[in-house]
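Single-structure report; data block below.
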Amino acid sequence: MTGVDDWFAARGWTVFPFQRAVWEAALAGESGMLHATTGSGKTYAVWFAALLRAMAAQPRKDKRKAAGLRVLWLTPMRALAADTLRALSDSAADLLPGWTIDARTGDTSSAARARQARRLPEALVTTPESLSLMLSKADAQEQFSLLDMVIVDEWHELMGNKRGVQAQLALARLRNWNPGLVVWGLSATLGNLQRAQEALLGPAAHGTIVEGSLRKEIVVDTLIPANPSRFPWAGHLGIQMLGPVIAEIERHATTLVFCNTRSQAELWYQNMLEARPDWAGLIALHHGSLDKEVRDWVELGLKRGTLKAVVCTSSLDLGVDFLPVERVLQIGSAKGIARLLQRAGRSGHAPGRVSRVTLVPTQSLELLEAAAAIQAVQDRDIESRPVPDKPLDVLVQHLVTVALGGGFTSAALYGEVRTAWSYRELTPEEWQWALDFVARGGQSLTVYPEYRRVLPDEAGVYRVPDAAIGRRHRMGIGTIVSEAMIQVKFQSGGRIGTVEEGFIARLNKGDHFLFGGRVLEFLRVHEMTAYVKRATGARGAVPRWQGGKMPMSSELAHAALEQMRLATEGIVRGPEMAAVRPLLDIQARWSALPTPQRTVIESLHSREGHHLFMYPFAGRSVHIGLASLLSWRMGRMRPATFSIAVNDYGFELLAPEEVPWPDVFAAGTGSGVALFTTEGLLEDVLASLNATELSQRRFREIARIAGLIFQGYPGQPKSNRQLQASSSLFFEVFRKHDAGNLLLTQAQREVLEQELELKRLRATLEALQARAVSYHETKRATPFGFALMVERFREKLSTEKLSDRVARVLRELEKAAGP
DNA sequence: GACCTGCTGCGGTATG
């Protein structure tokens, strides 16, 4: 390419074949996706800049104006946007002489905003949300009329969620305005790259997938506990491994210690400091509830290499490339192979260097998981990311955005929306429903003017009739919904972070709690802010946040079953399996090891009642569905009530009275077990769980994305109670007066697909039918069962209705009274 | 042989 080769040569940089492949395709006007297996954001910024230079040199067709926005670079994070901007304007400035390059995100300075309002730069780095906001401006089409190219960084992070769907809709709009638009995505490795590309480019497009050629070397290993046979059978904190972890940190310059939860990170940080007081100031804590200022300080320390270790959650998964990071430790299960690779990639972040992640088990079965993960990484058996299918809440938001951004006619926008992959099968009826919903508020809200958000003029162009509605809408653009949080501040002023309302509500004045790596004393709460001061001495509670409960992935679960199959054949590979061997031996002796060919079921009679344990290894959400389903189906055959406990490996049903399990599981293979049938699965699942309550919780999020609920002005947030009250009001009104409301349907579908993983549940039932049943009556809890019993004490899920419980107590009283 | 599980990401009004 003219000039560009020289530019690279002058710096002694090699031009790789995959770079040239992208350049050539893009210059020929093709879109596509780069499967990026290595390289920092900076590298990509530079060689995309080289591409832009080449494009700029091409003569432009029918575009008279010389200046204006030509390239849009989307990133999922503001921090990434800032880094990309820096890379483009520092390292690549001389590639793009005369270009203005700028970023625009929610925290862009007002000076930058004013500058951009006068004239947009040639290249703009921004987020999907900010792009949607730009689409809501009346002159949007004019602003984007010179656009040649869009680059979407870290597309794998967006494609699987509603943020990605919002990006799809925005891209459909940009493509419609600029038919020759070239779109390139950058994606990490995943199981469905082809789908990732379709989602990015639209159902009709055929793009090119370019393989980033440098295959990164990745090492996964495990810290083996000193005395594996005395390692706990249950638990998740893993503080027994403190010594070995400290020793690892000691041996390396900079280490990231990933934890699965924020409270776990707090506890690990505190324990590390207690063990090594001399590390004060050298180690730090980083998670999503800490104040931005604190997090910025930690990130800077990592970049400069002044920190020895950072204990963090997935808040450091993405983004900023911290070159000095030498070691990555993962405390507890990684839950999935993609996540593990992502975290490994935080170390050795330079071409030619090895990325290494070390697993730190918190209980015995995580040694098995570690062995499985290592095998799956070797096989590159990486999870897919499913793309959401026509979420109508996002569409409804988009309709108002477009009505503000110049207006639309029904037929034209319907056509455009269907070029977004997620809406490729949107029916005319669904379209009409969505349009009606923003035009009249659907069937039940017609009398409220604030829900008549768009109005057609005589020409049939839909616009937003009222400035106040437009303002409110712009304030609510985006698809990320979070619970209301309480700010935590020192009485003297400094911000520390945010905790959940419910946690603060349980505290009394003078109580201590651990947060942000310090022991704090709670003073008072005022207007969604909790005031605290530093406390001395006793530790006190650790805040809990109501986070998502990610299940172990199918890929990892299958690999774990496979490891056990090998173990039953006497094949023990690697130190992990050797260490977990004693536990597996006990399990095999007292009962059996589950394998891909065999379902292990155990029953046990204890003082608590009659237990049934089963280990399908299908992840916790499937196990919730499966446990509820089996107890419901069992209850239909004969009256019975059960308490349920689940983890990623299996579930427990506990009944107060004896249940004839041997009869149920006598068949020898799963296909003889009536409880495992997939017939009537949907109906039974809906009936067995409290589906309405689950849908209602889901609906909260949908109602906020669809713009039904105003979340308050910045700086004056509404409390959860206020937000929930209005969402349940809408839920009830729709159920009573507007049963055909498609947002209700969507809430139920999201519960089934995402929370209960219905597809995976069905696949699990089919697998169970194909497997042999290995049924054991045991005298005491096996190692696998023990973990479930512990789980039950923590979290009491019960299918027992109050009336049933009363009836049972009565029966017991009668029995006790005797004849 | 009884536990301190539950992530991340963005965006914004109107001024006295």
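Each chain of the structure tokens is named A, B, ... in the order shown, its residues numbered from 1; ligands are numbered from 1 in display order.
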
(message) If you run DSSP on the backbone here, which positions in region 601-784 of chain A get strand (DSSP E)? Please write them as a PyMOL selection string.
(response) chain A and resi 601-606+609-614+643-646+651-655+772-778

(request) Please return, as a PyMOL selection string, all residues of chain B lying within 6 Å of chain A when only C-alpha atoms (C1' of nucleotides) are considered. (result) chain B and resi 2-3+6-7+12

(request) Could you pull out the residues in region 463-605 of chain A that DSSP calls alpha helix (DSSP H) from the backbone, as a PyMOL selection string? (result) chain A and resi 467-475+501-505+554-568+574-590

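Among the candidates A:Lys390, A:Asp83, A:Val519, A:Arg721, the one nearest to Tyr269 (chain A) when counting only C-alpha atoms is A:Val519.
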
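Nearest residue to Thr126 (chain A), choosing from A:Ala167, A:Leu340, A:Leu190, A:Ala280 and counting only C-alpha atoms: A:Ala167.
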
(request) May I ask which of the residues A:Glu326, A:Thr43, A:Glu701, A:Thr409 is the closest one to Glu458 (chain A), counting only C-alpha atoms? (result) A:Thr409

(message) For a quick check of understanding, using only C-alpha atoms, which of A:Leu604, A:Val580, A:Leu329, A:Leu256 has the smallest distance to Glu299 (chain A)?
(response)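 The closest residue to Glu299 (chain A) is A:Leu256.
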
(request) Go ahead and compute the interatomic distance for CA of Leu135 (chain A) and CA of Thr401 (chain A), in Å to one decimal. (result)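 Separation of CA of Leu135 (chain A) and CA of Thr401 (chain A): 6.7 Å.
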
(request) Identify which of the residues A:Leu583, A:Ile496, A:Ala640, A:Leu708 lies closest to DG1 (chain B), counting only C-alpha atoms (C1' of nucleotides) when measuring atom-to-atom distances. (result)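 When distances to DG1 (chain B) are compared using only C-alpha atoms (C1' of nucleotides), the smallest one comes from A:Leu583.
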